[in-house]
Amino acid sequence: MEITLTHYLVLATVLFSIGLIGVMRRKNLLMLFFATEILLNSVNIALVAISHYYGDFTGQMFAFFIIAIAASEVAVGLGLLVLWFKRYNTIDLDNMTQMKG
Amino acid sequence: MFETIAFYLFSVLTIAMFWITVTTKHSLYALTALAAGMIFISAFFFILGADFMGVVQIIVYAGAVMALYSFGMMFFDTTRELHEKSSNAKLVFGLSGAAALIVVFMVAAPIVGGNIEAHYPIVEGIGNSQAIGMVLFTKYLVPFEVAAVMLLVAMIAGIVMAGKKMDESYSELSEEEIDTKNAEGIA
């Protein structure tokens, strides 16, 4: 059986849904970061698969820049998280109610 | 044939790993499962002929990002079990429903794929890394440089926020003491 573009897109959708489940149910901010990594990776799979099946490099370029953005997001996010942990000794999402959101 | 077997094998492995990541109660299990999932995702890139992306995935995610996360887990108290309480069932229900609806629309939407032309076509005969380099350093040179500057900014931000005074805990100080310390640091 030939693997088509649809197979890869369905796989990316499943992984994206798993990431969404993680975003919705996690309260620990570090675990929330893990879920966002899953979201970014599932999108990367879809982009590279489209790039392969349409014979165009644009998808791979986009995936490359997404990886760069994910790396800088982790650096800044972990810095903020370390600051928050030093000050309040917890990284639970429920305690971050200062902005009354 | 091997492509099919590899696709299904790595699909099952990736989904299982990411499922463990979002459901487990131990953050160490979550971290290791996430790292394994990242490696398995690079297998898809190799199957799809995007060798460069596969190597970048391993180096950046399994190398750099995972090292950052393991540093964070050493810093935070991760030995206790995580507990998730589903406080707002209505909100979760509504968000899940909306997400499922959007997925249905995305899958059912008509795909206009007939007259798509490749702007930067994949050429036969040269390697993937070489071709990526040619596209990256001609058509995508400006985004590449902007991404480099952005990574530099992120690095400086990480050093400034996390790097100073790792030996003292702000949670044991009062608000006034923190403010005076910050004022001293700025002055």
# chains A, B, ... in the order shown; residues from 1 in each chain; ligands from 1
>>> interface_residues(of="chain A", to="chain B", cutoff="8 Å", atoms="only C-alpha atoms", output="PyMOL selection string")
chain A and resi 1-3+11+13-15+18-19+21-22+24-28+31+34-35+38+41+45+48-49+52+54-58+60-61+63-65+67-69+71-76+78-80+82-83+85-89
>>> write_last_selection(atoms="N, CA and C atoms", output="short mmCIF file (atom, residue, chain, number, x, y, z; two decimals), in the first residue's frame")
data_model
loop_
_atom_site.label_atom_id
_atom_site.label_comp_id
_atom_site.auth_asym_id
_atom_site.auth_seq_id
_atom_site.Cartn_x
_atom_site.Cartn_y
_atom_site.Cartn_z
N MET A 1 0.85 -1.20 0.00
CA MET A 1 0.00 0.00 0.00
C MET A 1 0.88 1.24 0.00
N GLU A 2 0.54 2.12 -0.88
CA GLU A 2 1.35 3.34 -1.01
C GLU A 2 0.99 4.35 0.08
N ILE A 3 2.02 4.94 0.66
CA ILE A 3 1.79 6.00 1.64
C ILE A 3 1.58 7.32 0.89
N LEU A 11 -1.75 11.80 10.32
CA LEU A 11 -0.82 11.64 11.44
C LEU A 11 -0.56 12.98 12.12
N THR A 13 -2.52 15.55 12.19
CA THR A 13 -3.72 15.96 12.91
C THR A 13 -3.83 15.23 14.24
N VAL A 14 -3.51 13.92 14.23
CA VAL A 14 -3.59 13.15 15.48
C VAL A 14 -2.60 13.70 16.50
N LEU A 15 -1.37 13.97 16.05
CA LEU A 15 -0.38 14.49 16.98
C LEU A 15 -0.77 15.86 17.49
N ILE A 18 -3.28 15.44 20.19
CA ILE A 18 -2.64 15.03 21.45
C ILE A 18 -2.04 16.26 22.15
N GLY A 19 -1.40 17.12 21.34
CA GLY A 19 -0.85 18.35 21.93
C GLY A 19 -1.93 19.23 22.52
N ILE A 21 -4.82 18.23 23.73
CA ILE A 21 -5.26 17.61 24.98
C ILE A 21 -4.30 17.99 26.11
N GLY A 22 -2.99 17.95 25.79
CA GLY A 22 -2.01 18.33 26.80
C GLY A 22 -2.16 19.77 27.24
N MET A 24 -4.83 21.50 27.26
CA MET A 24 -6.07 21.72 28.03
C MET A 24 -5.98 21.14 29.43
N ARG A 25 -5.28 20.00 29.61
CA ARG A 25 -5.40 19.35 30.92
C ARG A 25 -4.23 19.62 31.84
N ARG A 26 -3.12 20.16 31.34
CA ARG A 26 -1.97 20.34 32.20
C ARG A 26 -2.11 21.61 33.04
N LYS A 27 -1.69 21.53 34.30
CA LYS A 27 -1.64 22.71 35.16
C LYS A 27 -0.21 23.17 35.41
N ASN A 28 0.74 22.25 35.30
CA ASN A 28 2.14 22.58 35.50
C ASN A 28 2.67 23.26 34.24
N MET A 31 5.01 21.29 31.93
CA MET A 31 4.30 20.28 31.12
C MET A 31 3.53 20.96 29.99
N PHE A 34 5.85 21.37 27.19
CA PHE A 34 6.00 20.12 26.44
C PHE A 34 4.88 19.97 25.42
N ALA A 35 3.66 20.31 25.84
CA ALA A 35 2.53 20.17 24.92
C ALA A 35 2.67 21.11 23.72
N ILE A 38 4.88 19.61 21.21
CA ILE A 38 4.20 18.59 20.40
C ILE A 38 3.41 19.27 19.28
N ASN A 41 5.81 20.36 16.53
CA ASN A 41 6.36 19.24 15.80
C ASN A 41 5.37 18.62 14.83
N ILE A 45 5.76 18.11 10.68
CA ILE A 45 5.55 16.89 9.88
C ILE A 45 4.68 17.21 8.66
N VAL A 48 6.67 19.30 6.02
CA VAL A 48 7.68 18.55 5.27
C VAL A 48 7.01 17.54 4.33
N ALA A 49 5.90 16.94 4.77
CA ALA A 49 5.20 15.99 3.89
C ALA A 49 4.66 16.70 2.66
N HIS A 52 7.38 17.39 0.30
CA HIS A 52 7.83 16.22 -0.45
C HIS A 52 6.86 15.89 -1.58
N TYR A 54 4.55 17.73 -3.10
CA TYR A 54 4.39 18.72 -4.16
C TYR A 54 5.71 19.11 -4.80
N GLY A 55 6.80 18.50 -4.34
CA GLY A 55 8.09 18.77 -4.94
C GLY A 55 8.56 20.20 -4.82
N ASP A 56 8.33 20.80 -3.66
CA ASP A 56 8.66 22.21 -3.47
C ASP A 56 9.42 22.37 -2.15
N PHE A 57 10.44 23.22 -2.15
CA PHE A 57 11.25 23.36 -0.95
C PHE A 57 10.64 24.30 0.09
N THR A 58 9.58 25.02 -0.27
CA THR A 58 9.05 26.04 0.64
C THR A 58 8.63 25.44 1.98
N GLN A 60 9.82 22.81 3.57
CA GLN A 60 10.97 22.53 4.42
C GLN A 60 11.56 23.79 5.00
N MET A 61 11.54 24.88 4.20
CA MET A 61 12.04 26.15 4.72
C MET A 61 11.20 26.63 5.90
N ALA A 63 9.40 24.78 7.90
CA ALA A 63 9.66 23.92 9.05
C ALA A 63 10.97 24.31 9.73
N PHE A 64 11.95 24.67 8.93
CA PHE A 64 13.24 25.11 9.47
C PHE A 64 13.08 26.35 10.35
N PHE A 65 12.31 27.34 9.84
CA PHE A 65 12.14 28.56 10.64
C PHE A 65 11.28 28.29 11.87
N ILE A 67 11.39 25.59 13.63
CA ILE A 67 12.32 25.02 14.62
C ILE A 67 13.11 26.13 15.29
N ALA A 68 13.56 27.13 14.50
CA ALA A 68 14.31 28.25 15.09
C ALA A 68 13.45 28.99 16.09
N ILE A 69 12.19 29.24 15.72
CA ILE A 69 11.29 29.98 16.62
C ILE A 69 11.03 29.16 17.88
N ALA A 71 13.01 27.05 19.31
CA ALA A 71 14.19 27.08 20.17
C ALA A 71 14.24 28.38 20.96
N SER A 72 13.97 29.53 20.29
CA SER A 72 14.04 30.78 21.04
C SER A 72 12.89 30.89 22.03
N GLU A 73 11.72 30.32 21.68
CA GLU A 73 10.60 30.32 22.63
C GLU A 73 10.97 29.57 23.91
N VAL A 74 11.65 28.44 23.75
CA VAL A 74 12.03 27.67 24.94
C VAL A 74 13.01 28.46 25.79
N ALA A 75 13.97 29.15 25.15
CA ALA A 75 14.97 29.89 25.92
C ALA A 75 14.31 31.00 26.74
N VAL A 76 13.46 31.81 26.07
CA VAL A 76 12.83 32.91 26.78
C VAL A 76 11.84 32.39 27.82
N LEU A 78 11.74 29.50 29.44
CA LEU A 78 12.37 28.91 30.63
C LEU A 78 13.00 29.99 31.50
N GLY A 79 13.52 31.06 30.88
CA GLY A 79 14.04 32.17 31.68
C GLY A 79 12.96 32.79 32.54
N LEU A 80 11.80 33.05 31.92
CA LEU A 80 10.67 33.62 32.68
C LEU A 80 10.22 32.66 33.77
N VAL A 82 12.00 30.40 35.34
CA VAL A 82 12.97 30.37 36.43
C VAL A 82 12.77 31.58 37.34
N LEU A 83 12.53 32.77 36.72
CA LEU A 83 12.27 33.97 37.52
C LEU A 83 11.03 33.78 38.39
N PHE A 85 9.66 31.00 39.39
CA PHE A 85 9.87 29.98 40.42
C PHE A 85 10.71 30.53 41.57
N LYS A 86 11.71 31.38 41.26
CA LYS A 86 12.52 31.95 42.32
C LYS A 86 11.68 32.85 43.23
N ARG A 87 10.66 33.47 42.64
CA ARG A 87 9.89 34.44 43.41
C ARG A 87 8.74 33.79 44.17
N TYR A 88 8.06 32.83 43.54
CA TYR A 88 6.84 32.29 44.16
C TYR A 88 6.95 30.82 44.51
N ASN A 89 8.05 30.16 44.16
CA ASN A 89 8.32 28.78 44.54
C ASN A 89 7.29 27.79 43.99
#
>>> atom_distance(atom1="atom CA of B:Ile58", atom2="atom CA of A:Ser17")
22.9 Å
>>> atom_distance(atom1="atom CA of B:Ala89", atom2="atom CA of B:Ala108")
28.3 Å
>>> select_by_dssp(residues="stretch 43-101 of chain A", states="helix (DSSP H, G or I)", output="number ranges by chain")
A: 43-53, 58-88, 93-95
>>> write_last_selection(atoms="C-alpha atoms", output="PDB file, in the first residue's frame")
ATOM      1  CA  VAL A  43       2.914  21.053  12.123  1.00  0.00           C
ATOM      2  CA  ASN A  44       6.499  20.398  11.020  1.00  0.00           C
ATOM      3  CA  ILE A  45       5.552  16.888   9.881  1.00  0.00           C
ATOM      4  CA  ALA A  46       2.682  18.260   7.795  1.00  0.00           C
ATOM      5  CA  LEU A  47       4.888  20.946   6.202  1.00  0.00           C
ATOM      6  CA  VAL A  48       7.681  18.547   5.273  1.00  0.00           C
ATOM      7  CA  ALA A  49       5.202  15.995   3.893  1.00  0.00           C
ATOM      8  CA  ILE A  50       3.549  18.637   1.712  1.00  0.00           C
ATOM      9  CA  SER A  51       6.992  19.779   0.591  1.00  0.00           C
ATOM     10  CA  HIS A  52       7.831  16.215  -0.454  1.00  0.00           C
ATOM     11  CA  TYR A  53       4.593  15.434  -2.280  1.00  0.00           C
ATOM     12  CA  THR A  58       9.049  26.036   0.642  1.00  0.00           C
ATOM     13  CA  GLY A  59       7.572  23.623   3.183  1.00  0.00           C
ATOM     14  CA  GLN A  60      10.973  22.526   4.421  1.00  0.00           C
ATOM     15  CA  MET A  61      12.045  26.149   4.723  1.00  0.00           C
ATOM     16  CA  PHE A  62       8.992  26.935   6.835  1.00  0.00           C
ATOM     17  CA  ALA A  63       9.659  23.920   9.053  1.00  0.00           C
ATOM     18  CA  PHE A  64      13.240  25.113   9.471  1.00  0.00           C
ATOM     19  CA  PHE A  65      12.143  28.557  10.640  1.00  0.00           C
ATOM     20  CA  ILE A  66       9.528  26.994  12.945  1.00  0.00           C
ATOM     21  CA  ILE A  67      12.315  25.018  14.618  1.00  0.00           C
ATOM     22  CA  ALA A  68      14.313  28.246  15.088  1.00  0.00           C
ATOM     23  CA  ILE A  69      11.294  29.975  16.617  1.00  0.00           C
ATOM     24  CA  ALA A  70      10.608  27.001  18.913  1.00  0.00           C
ATOM     25  CA  ALA A  71      14.191  27.077  20.168  1.00  0.00           C
ATOM     26  CA  SER A  72      14.036  30.783  21.038  1.00  0.00           C
ATOM     27  CA  GLU A  73      10.597  30.316  22.629  1.00  0.00           C
ATOM     28  CA  VAL A  74      12.032  27.671  24.936  1.00  0.00           C
ATOM     29  CA  ALA A  75      14.968  29.893  25.921  1.00  0.00           C
ATOM     30  CA  VAL A  76      12.831  32.911  26.784  1.00  0.00           C
ATOM     31  CA  GLY A  77      10.040  30.855  28.356  1.00  0.00           C
ATOM     32  CA  LEU A  78      12.366  28.911  30.627  1.00  0.00           C
ATOM     33  CA  GLY A  79      14.043  32.166  31.680  1.00  0.00           C
ATOM     34  CA  LEU A  80      10.674  33.620  32.681  1.00  0.00           C
ATOM     35  CA  LEU A  81       9.747  30.354  34.397  1.00  0.00           C
ATOM     36  CA  VAL A  82      12.966  30.373  36.433  1.00  0.00           C
ATOM     37  CA  LEU A  83      12.267  33.969  37.521  1.00  0.00           C
ATOM     38  CA  TRP A  84       8.712  33.053  38.525  1.00  0.00           C
ATOM     39  CA  PHE A  85       9.870  29.976  40.424  1.00  0.00           C
ATOM     40  CA  LYS A  86      12.522  31.954  42.318  1.00  0.00           C
ATOM     41  CA  ARG A  87       9.894  34.437  43.412  1.00  0.00           C
ATOM     42  CA  TYR A  88       6.839  32.288  44.159  1.00  0.00           C
ATOM     43  CA  LEU A  93      -0.926  27.729  36.366  1.00  0.00           C
ATOM     44  CA  ASP A  94      -3.668  28.233  38.964  1.00  0.00           C
ATOM     45  CA  ASN A  95      -1.477  30.521  41.057  1.00  0.00           C
TER      46      ASN A  95
END
>>> closest_residue(among="B:Val55, B:Ser70, B:Glu176, B:Ile39", to="A:Leu30", atoms="only C-alpha atoms")
B:Ser70
